[in-house]
file target31.cif (mmCIF, C-alpha atoms)
data_work
loop_
_atom_site.label_atom_id
_atom_site.label_comp_id
_atom_site.auth_asym_id
_atom_site.auth_seq_id
_atom_site.Cartn_x
_atom_site.Cartn_y
_atom_site.Cartn_z
CA MET L 1238 -21.52 -82.91 -163.50
CA THR L 1239 -17.79 -83.00 -164.05
CA GLN L 1240 -15.56 -80.01 -164.66
CA ILE L 1241 -15.23 -80.90 -168.31
CA GLU L 1242 -18.97 -81.02 -168.88
CA PHE L 1243 -19.31 -77.72 -167.11
CA LEU L 1244 -16.59 -76.13 -169.19
CA ASN L 1245 -18.28 -77.39 -172.35
CA ILE L 1246 -21.42 -75.56 -171.37
CA VAL L 1247 -19.67 -72.42 -170.25
CA THR L 1248 -16.91 -71.95 -172.81
CA PRO L 1249 -19.12 -70.73 -175.70
CA PHE L 1250 -20.35 -67.73 -173.77
CA LYS L 1251 -17.75 -66.94 -171.16
CA ASP L 1252 -16.15 -64.34 -173.41
CA LYS L 1253 -19.51 -62.69 -173.88
CA VAL L 1254 -19.97 -62.54 -170.14
CA PHE L 1255 -16.55 -60.99 -169.84
CA ARG L 1256 -17.22 -58.39 -172.52
CA LEU L 1257 -20.56 -57.44 -171.05
CA ALA L 1258 -18.95 -57.07 -167.65
CA LYS L 1259 -16.23 -54.98 -169.17
CA ARG L 1260 -18.72 -52.78 -170.95
CA LEU L 1261 -20.39 -52.05 -167.64
CA LEU L 1262 -17.40 -51.94 -165.33
CA VAL L 1263 -14.96 -50.48 -167.88
CA SER L 1264 -11.81 -51.83 -166.28
CA THR L 1265 -10.49 -55.14 -167.53
CA GLU L 1266 -9.49 -56.38 -164.09
CA GLU L 1267 -12.90 -55.68 -162.63
CA ALA L 1268 -14.51 -57.42 -165.55
CA GLU L 1269 -12.28 -60.44 -165.09
CA ASP L 1270 -13.23 -60.65 -161.45
CA ALA L 1271 -16.88 -60.32 -162.32
CA THR L 1272 -16.68 -63.08 -164.91
CA GLN L 1273 -14.89 -65.33 -162.50
CA GLU L 1274 -17.50 -64.66 -159.88
CA VAL L 1275 -20.35 -65.41 -162.25
CA LEU L 1276 -18.77 -68.64 -163.42
CA ILE L 1277 -18.09 -69.78 -159.89
CA LYS L 1278 -21.67 -69.08 -158.95
CA LEU L 1279 -22.79 -71.17 -161.88
CA TRP L 1280 -20.44 -73.95 -160.87
CA ASN L 1281 -21.70 -73.94 -157.32
CA ASN L 1282 -25.24 -74.29 -158.59
CA LYS L 1283 -24.33 -76.84 -161.18
CA ALA L 1284 -26.96 -79.23 -159.92
CA LYS L 1285 -29.62 -76.80 -161.11
CA ILE L 1286 -28.00 -76.03 -164.42
CA GLN L 1287 -30.06 -78.58 -166.31
CA GLU L 1288 -33.25 -76.90 -165.17
CA TYR L 1289 -32.39 -73.59 -166.79
CA LYS L 1290 -33.89 -73.23 -170.21
CA ASN L 1291 -31.13 -71.05 -171.51
CA VAL L 1292 -27.95 -71.07 -169.49
CA GLU L 1293 -26.38 -68.39 -171.64
CA ALA L 1294 -29.21 -65.89 -171.21
CA PHE L 1295 -29.34 -66.73 -167.53
CA SER L 1296 -25.63 -66.05 -167.15
CA MET L 1297 -25.91 -62.76 -168.98
CA THR L 1298 -28.67 -61.66 -166.64
CA MET L 1299 -26.55 -62.76 -163.71
CA THR L 1300 -23.62 -60.78 -165.06
CA LYS L 1301 -25.76 -57.70 -165.48
CA ASN L 1302 -27.05 -57.93 -161.92
CA TYR L 1303 -23.61 -58.62 -160.53
CA CYS L 1304 -22.12 -55.63 -162.32
CA PHE L 1305 -24.90 -53.36 -161.12
CA ASP L 1306 -24.27 -54.52 -157.59
CA LYS L 1307 -20.59 -53.83 -158.08
CA LEU L 1308 -21.26 -50.37 -159.42
CA LYS L 1309 -23.53 -49.55 -156.53
CA SER L 1310 -21.19 -50.86 -153.89
CA LYS L 1311 -18.59 -48.69 -152.26
CA GLN L 1312 -15.81 -50.45 -154.04
CA ALA L 1313 -16.97 -48.80 -157.21
CA GLN L 1314 -15.60 -45.56 -155.95
CA ASN L 1315 -12.13 -46.86 -156.63
CA LEU L 1316 -13.03 -47.95 -160.13
CA LYS L 1317 -10.84 -46.41 -162.76
CA ILE L 1318 -12.15 -45.52 -166.14
CA VAL L 1319 -8.84 -45.67 -167.88
CA HIS L 1320 -7.82 -48.32 -170.32
CA SER L 1321 -7.12 -48.79 -173.98
CA ASN L 1322 -6.69 -52.49 -174.55
CA TYR L 1323 -8.56 -53.27 -177.67
CA GLU L 1324 -7.10 -54.78 -180.77
CA ASP L 1325 -8.12 -54.13 -184.29
CA LYS L 1326 -7.04 -56.96 -186.51
CA GLN L 1327 -9.39 -56.30 -189.34
CA THR L 1328 -7.85 -53.45 -191.23
CA ALA L 1329 -4.48 -52.91 -192.75
CA LEU L 1330 -1.73 -51.34 -190.70
CA GLN L 1331 -1.89 -47.93 -192.33
CA LYS L 1332 -5.62 -47.73 -191.86
CA GLN L 1333 -5.23 -49.05 -188.38
CA VAL L 1334 -3.09 -46.14 -187.28
CA GLU L 1335 -5.56 -43.78 -188.83
CA LEU L 1336 -8.52 -45.47 -187.27
CA LYS L 1337 -7.03 -45.99 -183.88
CA ASP L 1338 -7.86 -42.55 -182.72
CA SER L 1339 -11.40 -42.56 -184.01
CA VAL L 1340 -11.99 -46.06 -182.66
CA SER L 1341 -11.09 -44.84 -179.22
CA TRP L 1342 -13.60 -42.05 -179.73
CA VAL L 1343 -16.24 -44.67 -180.27
CA GLU L 1344 -15.20 -46.29 -177.08
CA ARG L 1345 -15.43 -43.04 -175.20
CA ILE L 1346 -18.77 -42.22 -176.72
CA ILE L 1347 -20.17 -45.58 -175.68
CA GLU L 1348 -18.80 -45.10 -172.18
CA ASP L 1349 -20.78 -41.92 -171.93
CA LEU L 1350 -24.05 -43.63 -172.71
CA PRO L 1351 -26.42 -44.61 -169.91
CA GLU L 1352 -25.80 -48.11 -168.58
CA GLN L 1353 -28.82 -49.64 -170.17
CA GLN L 1354 -28.04 -48.31 -173.63
CA ARG L 1355 -24.47 -49.44 -173.21
CA MET L 1356 -25.62 -52.95 -172.43
CA ILE L 1357 -27.97 -53.04 -175.35
CA ILE L 1358 -25.33 -51.82 -177.78
CA GLN L 1359 -23.00 -54.45 -176.39
CA LEU L 1360 -25.51 -57.25 -176.70
CA ARG L 1361 -26.82 -56.26 -180.10
CA ASP L 1362 -23.99 -54.75 -182.07
CA ILE L 1363 -21.11 -56.66 -180.60
CA GLU L 1364 -22.56 -59.98 -179.44
CA GLU L 1365 -25.30 -59.97 -182.07
CA TYR L 1366 -28.12 -61.34 -180.00
CA ASP L 1367 -31.72 -61.47 -181.09
CA PHE L 1368 -34.04 -58.77 -179.80
CA ASP L 1369 -36.06 -61.39 -177.97
CA GLU L 1370 -32.98 -62.73 -176.25
CA ILE L 1371 -31.87 -59.27 -175.22
CA ALA L 1372 -35.33 -58.50 -173.90
CA LYS L 1373 -35.21 -61.66 -171.83
CA MET L 1374 -31.72 -61.03 -170.50
CA LEU L 1375 -32.46 -57.48 -169.45
CA ASP L 1376 -35.98 -58.15 -168.32
CA MET L 1377 -37.43 -55.54 -170.67
CA ASN L 1378 -39.94 -55.75 -173.44
CA ASN L 1379 -39.02 -56.00 -177.05
CA THR L 1380 -40.04 -52.47 -178.08
CA ALA L 1381 -38.26 -50.89 -175.17
CA VAL L 1382 -35.07 -52.61 -176.29
CA ARG L 1383 -35.50 -51.30 -179.82
CA VAL L 1384 -36.19 -47.78 -178.66
CA SER L 1385 -33.19 -47.82 -176.36
CA LEU L 1386 -30.99 -49.23 -179.09
CA SER L 1387 -32.15 -46.66 -181.56
CA ARG L 1388 -31.40 -43.88 -179.12
CA ALA L 1389 -27.96 -45.24 -178.41
CA ARG L 1390 -27.15 -45.61 -182.09
CA LYS L 1391 -28.34 -42.14 -182.89
CA THR L 1392 -26.29 -40.67 -180.07
CA ILE L 1393 -23.21 -42.49 -181.26
CA ARG L 1394 -23.76 -41.41 -184.82
CA GLU L 1395 -24.37 -37.82 -183.88
CA LYS L 1396 -21.24 -37.59 -181.76
CA LEU L 1397 -19.18 -39.37 -184.38
CA THR L 1398 -20.44 -37.02 -187.06
CA ASN L 1399 -19.51 -34.04 -184.95
CA THR L 1400 -16.07 -35.41 -184.28
CA HIS L 1401 -15.64 -36.30 -187.90
CA ASN L 1402 -16.72 -32.90 -189.20
CA TYR L 1403 -15.02 -30.60 -186.74
CA GLY L 1404 -12.37 -32.75 -185.19
CA ILE L 1405 -13.63 -31.94 -181.72
CA LYS L 1406 -13.80 -34.43 -178.95
CA MET O 346 -27.26 -48.82 -206.27
CA VAL O 347 -25.22 -50.44 -203.51
CA LEU O 348 -24.76 -47.09 -201.86
CA ASN O 349 -28.44 -46.41 -202.00
CA ASN O 350 -29.10 -49.73 -200.36
CA ILE O 351 -26.55 -49.05 -197.64
CA GLU O 352 -28.08 -45.66 -196.91
CA LYS O 353 -31.48 -47.22 -196.55
CA LEU O 354 -30.08 -49.86 -194.23
CA LEU O 355 -28.35 -47.20 -192.18
CA GLU O 356 -31.61 -45.38 -191.75
CA LYS O 357 -33.25 -48.58 -190.56
CA TYR O 358 -30.21 -49.30 -188.43
CA ASP O 359 -30.48 -46.01 -186.62
CA ASN O 360 -34.11 -46.73 -185.87
CA GLY O 361 -33.24 -50.12 -184.44
CA GLU O 362 -35.19 -51.96 -187.10
CA THR O 363 -32.50 -53.90 -188.90
CA THR O 364 -32.26 -57.65 -188.64
CA LEU O 365 -29.01 -59.32 -187.70
CA LYS O 366 -28.48 -60.22 -191.34
CA GLU O 367 -28.81 -56.64 -192.49
CA GLU O 368 -26.45 -55.55 -189.76
CA HIS O 369 -23.94 -58.03 -191.09
CA ILE O 370 -24.19 -56.44 -194.50
CA LEU O 371 -23.50 -53.07 -192.94
CA LYS O 372 -20.58 -54.40 -190.95
CA ASN O 373 -19.06 -55.95 -194.02
CA TYR O 374 -19.50 -52.80 -196.02
CA PHE O 375 -17.97 -50.52 -193.43
CA THR O 376 -15.00 -52.68 -192.63
CA GLY O 377 -14.23 -52.92 -196.33
CA ASP O 378 -11.99 -50.42 -198.07
CA ASP O 379 -14.39 -48.58 -200.38
CA VAL O 380 -16.64 -46.63 -198.08
CA ALA O 381 -18.36 -43.59 -199.49
CA PRO O 382 -16.74 -40.39 -198.17
CA HIS O 383 -19.90 -38.99 -196.64
CA LEU O 384 -20.35 -42.19 -194.60
CA GLU O 385 -16.79 -42.24 -193.29
CA MET O 386 -17.90 -41.43 -189.77
CA TYR O 387 -19.56 -44.81 -189.41
CA LYS O 388 -16.34 -46.60 -190.07
CA PRO O 389 -14.76 -46.40 -186.64
CA MET O 390 -18.02 -47.53 -185.05
CA PHE O 391 -18.21 -50.78 -186.96
CA ALA O 392 -14.48 -51.27 -186.67
CA TYR O 393 -14.86 -50.93 -182.95
CA PHE O 394 -17.69 -53.44 -182.81
CA LEU O 395 -15.70 -55.98 -184.74
CA ALA O 396 -12.58 -55.43 -182.68
CA ASN O 397 -14.54 -55.93 -179.52
CA GLN O 398 -15.93 -59.23 -180.66
CA GLN O 399 -12.41 -60.63 -180.52
CA GLU O 400 -11.76 -59.86 -176.91
CA GLN O 401 -11.44 -62.93 -174.79
CA PHE O 402 -11.58 -63.89 -171.18
CA THR O 403 -8.24 -65.39 -170.30
CA LYS O 404 -8.28 -65.63 -166.55
CA ASP O 405 -8.46 -69.05 -164.98
CA VAL O 406 -11.52 -69.99 -163.06
CA PRO O 407 -10.76 -72.02 -159.96
CA LEU O 408 -13.44 -74.67 -159.91
CA LYS O 409 -13.48 -76.38 -156.58
CA THR O 410 -15.17 -79.73 -156.46
CA LYS O 411 -16.86 -80.16 -153.17
CA ARG O 412 -15.70 -83.42 -151.69
CA ILE O 413 -18.78 -85.46 -150.98
CA LEU O 414 -18.09 -87.85 -148.11
CA ASN O 415 -19.10 -91.29 -149.13
CA TYR O 416 -20.42 -92.88 -145.99
CA LYS O 417 -20.76 -96.27 -147.58
CA TRP O 418 -17.03 -96.59 -148.05
CA ILE O 419 -16.28 -95.10 -144.67
CA SER O 420 -18.40 -97.80 -143.02
CA VAL O 421 -16.69 -100.49 -145.05
CA ALA O 422 -13.32 -99.20 -143.90
CA ALA O 423 -14.52 -99.14 -140.30
CA VAL O 424 -15.69 -102.74 -140.46
CA VAL O 425 -12.40 -103.85 -141.96
CA LEU O 426 -10.50 -102.02 -139.22
CA LEU O 427 -12.63 -103.68 -136.55
CA MET O 428 -12.05 -107.13 -137.98
CA LEU O 429 -8.31 -106.53 -138.11
CA GLY O 430 -8.45 -105.30 -134.55
CA PHE O 431 -10.12 -108.48 -133.34
CA TYR O 432 -7.82 -110.70 -135.32
CA PHE O 433 -4.56 -109.16 -134.14
CA GLY O 434 -5.89 -108.17 -130.73
CA LYS O 435 -6.44 -111.77 -129.71
CA SER O 436 -2.88 -112.84 -130.34
CA LEU O 437 -1.44 -109.83 -128.47
CA ASN O 438 -3.72 -110.18 -125.50
CA ASN O 439 -2.21 -112.81 -123.13
CA ASN O 440 -3.14 -112.79 -119.45
CA ASP O 441 -0.05 -114.66 -118.26
CA LEU O 442 1.52 -112.39 -115.61
CA GLY O 443 3.84 -115.03 -114.07
CA THR O 444 3.45 -116.83 -110.75
CA TYR O 445 5.27 -117.41 -107.41
CA ASP O 446 7.12 -120.67 -106.75
CA ASP O 447 7.78 -120.11 -103.04
CA PRO O 448 4.57 -120.12 -100.94
CA GLN O 449 6.17 -117.94 -98.22
CA LEU O 450 7.12 -115.24 -100.69
CA ALA O 451 3.66 -115.36 -102.20
CA PHE O 452 2.06 -114.94 -98.78
CA ASN O 453 4.28 -111.96 -97.95
CA ASP O 454 3.48 -110.16 -101.14
CA PHE O 455 -0.19 -110.91 -100.76
CA SER O 456 -0.41 -109.57 -97.22
CA LYS O 457 1.53 -106.48 -98.22
CA SER O 458 -0.90 -105.63 -100.98
CA MET O 459 -3.87 -106.35 -98.70
CA GLU O 460 -2.45 -103.94 -96.14
CA LEU O 461 -2.19 -101.26 -98.79
CA ILE O 462 -5.79 -101.78 -99.80
CA SER O 463 -7.08 -101.55 -96.22
CA GLN O 464 -5.14 -98.32 -95.65
CA LYS O 465 -6.64 -96.68 -98.68
CA LEU O 466 -10.07 -97.96 -97.75
CA ASN O 467 -9.88 -96.40 -94.28
CA ARG O 468 -8.97 -93.07 -95.74
CA GLY O 469 -12.02 -93.28 -97.96
CA THR O 470 -14.45 -94.13 -95.17
CA SER O 471 -13.13 -91.36 -92.93
CA THR O 472 -14.25 -88.75 -95.45
CA VAL O 473 -17.65 -90.35 -95.56
CA GLY O 474 -17.91 -89.49 -91.85
CA TYR O 475 -18.91 -85.96 -92.82
CA LEU O 476 -22.28 -87.32 -93.84
CA ASN O 477 -23.20 -87.18 -90.15
CA GLU O 478 -23.10 -83.42 -90.36
CA VAL O 479 -25.74 -83.57 -93.06
CA ASN O 480 -27.98 -85.51 -90.73
CA LYS O 481 -27.48 -82.87 -88.09
CA GLY O 482 -28.47 -80.23 -90.60
CA THR O 483 -31.69 -81.95 -91.56
CA ALA O 484 -32.54 -82.34 -87.87
CA THR O 485 -32.36 -78.56 -87.39
CA LEU O 486 -34.54 -78.09 -90.44
CA GLY O 487 -37.23 -79.79 -88.37
CA TYR O 488 -37.67 -76.46 -86.58
CA LEU O 489 -39.23 -75.13 -89.76
CA ASN O 490 -42.28 -77.18 -88.90
CA GLU O 491 -42.70 -75.06 -85.82
CA ILE O 492 -42.83 -71.93 -87.96
CA GLU O 493 -45.43 -73.50 -90.17
CA ASN O 494 -47.57 -74.30 -87.16
CA THR O 495 -47.46 -70.72 -85.94
CA THR O 496 -48.27 -69.26 -89.36
CA ASN O 497 -51.20 -71.62 -89.58
CA ILE O 498 -52.49 -70.28 -86.33
CA ILE O 499 -52.05 -66.66 -87.47
CA PHE O 500 -53.87 -67.12 -90.75
CA LYS O 501 -56.70 -69.07 -89.25
CA ASN O 502 -57.56 -66.15 -87.02
#

call {"tool": "encode", "arguments": {"input": "target31.cif", "output": "structure tokens"}}
result
Amino acid sequence: MTQIEFLNIVTPFKDKVFRLAKRLLVSTEEAEDATQEVLIKLWNNKAKIQEYKNVEAFSMTMTKNYCFDKLKSKQAQNLKIVHSNYEDKQTALQKQVELKDSVSWVERIIEDLPEQQRMIIQLRDIEEYDFDEIAKMLDMNNTAVRVSLSRARKTIREKLTNTHNYGIK
Amino acid sequence: MVLNNIEKLLEKYDNGETTLKEEHILKNYFTGDDVAPHLEMYKPMFAYFLANQQEQFTKDVPLKTKRILNYKWISVAAVVLLMLGFYFGKSLNNNDLGTYDDPQLAFNDFSKSMELISQKLNRGTSTVGYLNEVNKGTATLGYLNEIENTTNIIFKN
């Protein structure tokens, strides 16, 4: 397999790997390293790549495991949970300013969720994967994913409603 | 009507029962401009989801191709080198060292070199003389037989 063939396989989902890593590791730099690591691992095992049924799902699982390892390792103690590099291109400028603050609330709320719920929110609401795919990636069953997702969504909604109503953080 | 629909979808959404299509409807509704006031709090959530979809991985990935040694070509190169070696080696390799014209001079040089050889040879043989010592050593070892004899006698009784 040449580099170009490999890149053709990897390019469609490398951003998703990165975003999942970032969701788990929070810092952009850590997430970049994780993505790089995952892609290099894939490249080193490129001979086996044809055997995998779903390279994308496989990579996502790999990313998840890698990030968990990272979080458990001692290095994680130096991990910083400070960043604010998102961009919101969808809404008009005036709205954007208004939303910016509340969007960062969402981010903070999601960061407070347990890791599993965070991953599921990421995979479902941001990457828009099927429930079956998510179940496969996370090695869970379908209902468990739904339950977890529902919990996460309810938590987010509840906290957002509170913030919205009282302006507390 | 639309609002009613959205509220129903939201309910399903919170229970994790919406399909991807229905979630798209929600996303479109909440990123639009006319969101009902009592649903405002959902807005930042969907805005955040959409914003996060755009984020991209920009770092380069160093893909190292492992160089696989191709032994077939290495052997071909080796054979070619050998052939060249034989071809050029022959022309370079001449055994002509020159000769003596005067027989007297030739004899002198010859005897001189023979003398050198005999000197070195003598030095070599003199060191071999130490081998006699070894013989002496083995002769003394013969006494061990005596010990064996005596032990035999002891153990027999």

call {"tool": "interface_residues", "arguments": {"input": "target31.cif", "of": "chain L", "to": "chain O", "cutoff": "6 Å", "atoms": "all atoms listed in the file", "output": "list in words"}}
result
Asp1252, Phe1255, Gln1273, Glu1324, Asp1325, Ser1339, Val1340, Val1343, Ile1363, Arg1383, Leu1386, Ser1387, Arg1390, Lys1391, Leu1397, Thr1398 and His1401 of chain L

call {"tool": "atom_distance", "arguments": {"input": "target31.cif", "atom1": "atom CA of O:Leu489", "atom2": "atom CA of O:Gly474"}}
result
25.8 Å

call {"tool": "residues_around", "arguments": {"input": "target31.cif", "residues": "L:Ala1268", "least_positions_apart": "3", "cutoff": "7 Å", "atoms": "only C-alpha atoms", "output": "ChimeraX atom specification"}}
result
/L:1255,1258-1259,1262,1264-1265,1271-1272

call {"tool": "write_last_selection", "arguments": {"input": "target31.cif", "atoms": "C-alpha atoms", "output": "PDB file, in the frame of the given file"}}
result
ATOM      1  CA  PHE L1255     -16.550 -60.990-169.840  1.00  0.00           C
ATOM      2  CA  ALA L1258     -18.950 -57.070-167.650  1.00  0.00           C
ATOM      3  CA  LYS L1259     -16.230 -54.980-169.170  1.00  0.00           C
ATOM      4  CA  LEU L1262     -17.400 -51.940-165.330  1.00  0.00           C
ATOM      5  CA  SER L1264     -11.810 -51.830-166.280  1.00  0.00           C
ATOM      6  CA  THR L1265     -10.490 -55.140-167.530  1.00  0.00           C
ATOM      7  CA  ALA L1271     -16.880 -60.320-162.320  1.00  0.00           C
ATOM      8  CA  THR L1272     -16.680 -63.080-164.910  1.00  0.00           C
TER       9      THR L1272
END

call {"tool": "atom_distance", "arguments": {"input": "target31.cif", "atom1": "atom CA of L:Val1263", "atom2": "atom CA of L:Ser1310"}}
result
15.3 Å

call {"tool": "closest_residue", "arguments": {"input": "target31.cif", "among": "L:Asp1362, L:Arg1394, L:Ile1371, L:Thr1380", "to": "L:Phe1295", "atoms": "only C-alpha atoms"}}
result
L:Ile1371

call {"tool": "atom_distance", "arguments": {"input": "target31.cif", "atom1": "atom CA of L:Met1356", "atom2": "atom CA of L:Lys1285"}}
result
26.7 Å

call {"tool": "resolve_selection", "arguments": {"input": "target31.cif", "expression": "the PyMOL selection byres ((chain L and resi 1373) around 12)", "output": "list of chain:residue names"}}
result
L:Lys1290, L:Asn1291, L:Glu1293, L:Ala1294, L:Phe1295, L:Ser1296, L:Met1297, L:Thr1298, L:Met1299, L:Ile1357, L:Leu1360, L:Tyr1366, L:Asp1367, L:Phe1368, L:Asp1369, L:Glu1370, L:Ile1371, L:Ala1372, L:Met1374, L:Leu1375, L:Asp1376, L:Met1377, L:Asn1378, L:Asn1379, L:Ala1381, L:Val1382
